[in-house]
Amino acid sequence: MAKAAPTLFLEDWLKSVSGFSNSFSSTNYSASSARAIIQAWAELRDCLQHKSFQSHHLQSLKTLVNSQTSLHVAEPQAKLLLSILSSPDLSLPRESYTLFLRLLYIWVRKSARPSVLIDSAVKALSNVFSTTQYNSKKSPHLFSEGVLLLGSLSFAPSASESSKIVFLGLLCRLLAEEYQVLGSFSELVPDVLAGIGYALCSSVKVHFVTIFDFMLSIWGKESGPQGSVSHGLMILHLMEWVMSGLSSFRSLEKINTFSQEVLETTKAYYVPFAVVMAAAGVLRALNRSVVSGLGLDTISKLRRSAEDRIESVARELISRTRGFTSSDNDHTDSLLLQCVSVALARSGVVSARSPLFICLASALLTEIFPSRRLYMKVLKSMPGSSAVLRINEVKEHLESLTFKEAGAITGVFCNLYVSVDEQSKHMVENLVWDHCQHIYMEHRQVALVLRGKEDEVLGDLEKIAESAFLMVVLFALAVTKHKLNSKFNQESQMDTSVRILISFSCLEYFRRIRLPEYMDTIRGIVVSVQESDSACVSFVRSIPTYVDLTNGPDFSFLRKMEYLWSKDEVQTARILFYLRVIPTCIARLPSPVFGKVVAPTMFLYMGHPNGKVARASHSMFSAFISSGKDSDQDERESLKEQLVFYYIQRSLVEYPEITPFEGMASGVAALVRHLPAGSPAIFYCIHCLVEKANRLCIEDLAHQDDMWKNWQGESEPGKKILDLLLRLISLVDIQVLPDLMKLLAQLIAQLPKDGQNMILNELYSQVAESDDVTRKPTLVSWLQSLSYLCFQETSGSAASRKVGSEANRTSVRTPDPLNDTSLNARL
């Protein structure tokens, strides 16, 4: 929000509230010492007395102006300045006039109530700005200082009406004849607007409409200044200040004239962005209660007229751009969109009108977050273009006024959504959801091109996209609150839910902070999707195919690059979103859809080097194995068993380098719990685990002799698998248990004495704490036999041979998990 309006220098306030930076600002003045100021005034008096203006007198003027912040110009000093300006005996250099006018401006603005001396300034200033004199002294700063001084003099309460009329006449002539200066010196715009603001608040009514016409049309004139958001904000806050002043002075006639001439009348020469900002300034003044001097009828009429004016400009813009479907990046339309959005953000509460809502949507997607435009520039300019140009362009946007106002604009956007008509809601929803998918595809390409080469540009582009993600989340929350209720049919609710989930998946890469609105939206949507099979299937089918995931984006420049799916961070973030969300509605998912669509991706990302992603893949497998669906139970059980064989192979081949033990352990626990008793897949799983544990324990022993000293400490990969096998004793069904005990006995018997002792102790504790009356007697007997065999033998290998020969008489051979062709054939 803008700061409180100033009481002294209006131009400095306009600069501060509009983000305008300019070296010619009071903040850059360097205060001189009191002695230097006194000496400067003394030299100026000598100048008048001796009727000679020398170079040191010019320096005295500069000393005084540089002390603007602390300088007070008293009436005798003002009279001295006017006398020097009026003296026919003095030949003043061109540069001095600007300084004289600035000192007089300081006098007018800092004096509590300037005396009738102001009236004596009429002659001096009329002489300065006479056609013949002014042309010989013409300079850009003289023009801006003249407008400032003349405006402030017309605003001074103690000036006579006749003097004010003269000052306003001189100001209008300056504006009409010298406005071209602003085309080359845009840094003077704040000073000129401040002078106009003073003039508009003058107590006399002459030239009121003329000055407004100039302010709202100058931006479209040949050789006039080029409009910008910063200039627009100056107009907005200037109108806020003017409306506050007019209401304080009870200038109802001027207010009604402004409403009729500016807000209610369409003038072809008015520039749309300036009109929008002027109307927004009125709304801001009304919303901030700075117009307490006006009646309710007047306030209501002003508000309605201002909103109507902004809406008419927005409607014309939508019509001209065919609903923003045109791909032309016209500067005028771009500026107008930005100004409409910033105006609505700063003006306060506005009525919900569809054209405003649609303009805000377009502004957010194309101007506030211009990611797609920037992506296209990066991709079209690669390779061989200047990185500096790209860095500067992106940084300029990050530092721009519109980007800094993104949060406030998003707030207005979401507030308007609630009240506009359903047709506009639906159109904008589609624009936002489609935009998310475009951002995903294009940012993937840009990231692959720039990462490692232009990381600074990429980082700045991601800052823009991250802010766009926050906007989408807030908008999606507003949509879910509105649509996920009984007023809308289930089909509409499901379609909305699925599209939001897909949009979130596309922008998941940019979710860098914990956002309550994000989680609230996800929870509400998931509950909705869980109620519909078709919604669940629709969401799952939106996941990229295995071919798309492994081949990379189809872009000509990228074909020259080697693509590795596991290093595509944008794609990985999206898949991670699916891996986290699909388990919440997996019970609704038909088995064929899971097998054809989800399973290939799940198994692919089990091999992802990022542990978080791999664990999510294992969690997906666990969720499916744990799920049930009455309508296709037999088909589901068959698919589960088929997937287990490949799951175990995939997990163990990548273990321990990639496969996270916790993820694999959860998958194994799920399959032994939820597959039918005696399932061949469970037998296969256990045989593979024992085989892997045996191999890893041998490798671990070769590298670490004391690995068995502490079972509960940091475990080696082999010990982790052993620990999992011990836990399975209490999980597997009774049909599988004998095979597990036999294989464990074989494995334990091969271990060193320390290893045997550690495992036996663990088994003693586990069996003692068990309350399973069915399997406990069997386990006790088995444990006693195993302990006897281990303690009878002093060599681990001898015990292994004895147990192994006993086992061979009672069981079939252990299949090789990697070479069993019959098992592979089942896949």
# chains A, B, ... in the order shown; residues from 1 in each chain; ligands from 1
>>> residues_around(residues="Arg588 (chain A)", least_positions_apart="6", cutoff="9 Å", atoms="only C-alpha atoms", output="VMD selection string")
chain A and resid 530 to 534 536 to 537 628 to 629
>>> select_by_dssp(residues="region 615-669 of chain A", states="helix (DSSP H, G or I)", output="VMD selection string")
chain A and resid 615 to 626 630 to 653 661 to 669
>>> atom_distance(atom1="CA of Glu405 (chain A)", atom2="CA of Ile255 (chain A)")
29.6 Å
>>> closest_residue(among="A:Leu747, A:Val540, A:Ala156, A:Val342", to="Pro592 (chain A)", atoms="only C-alpha atoms")
A:Val540
>>> atom_distance(atom1="CA of Asn415 (chain A)", atom2="CA of Leu360 (chain A)")
11.3 Å
>>> atom_distance(atom1="CA of Arg303 (chain A)", atom2="CA of Ile368 (chain A)")
26.6 Å
>>> residues_around(residues="region 150-153 of chain A", least_positions_apart="3", cutoff="9 Å", atoms="only C-alpha atoms", output="number ranges by chain")
A: 105, 108-109, 118, 125, 145-147, 156-157, 159, 163-164, 167-168, 170-171, 194-200, 202
>>> closest_residue(among="A:Arg636, A:Arg373, A:Arg353, A:Lys720", to="Leu589 (chain A)", atoms="only C-alpha atoms")
A:Arg636
>>> closest_residue(among="A:Ser651, A:Gln180, A:Thr366, A:Gln49", to="Ile84 (chain A)", atoms="only C-alpha atoms")
A:Gln49
>>> residues_around(residues="region 217-230 of chain A", least_positions_apart="4", cutoff="7 Å", atoms="only C-alpha atoms", output="list of chain:residue names")
A:Ser18, A:Gly19, A:Phe20, A:Tyr179, A:Gln180, A:Leu182, A:Gly183, A:Ser186, A:Asp213, A:Met234, A:Tyr269, A:Tyr270, A:Val271, A:Leu335, A:Gln338, A:Cys339
>>> closest_residue(among="A:Gln792, A:Ser83, A:Ser203, A:Ser32", to="Ser67 (chain A)", atoms="only C-alpha atoms")
A:Ser32
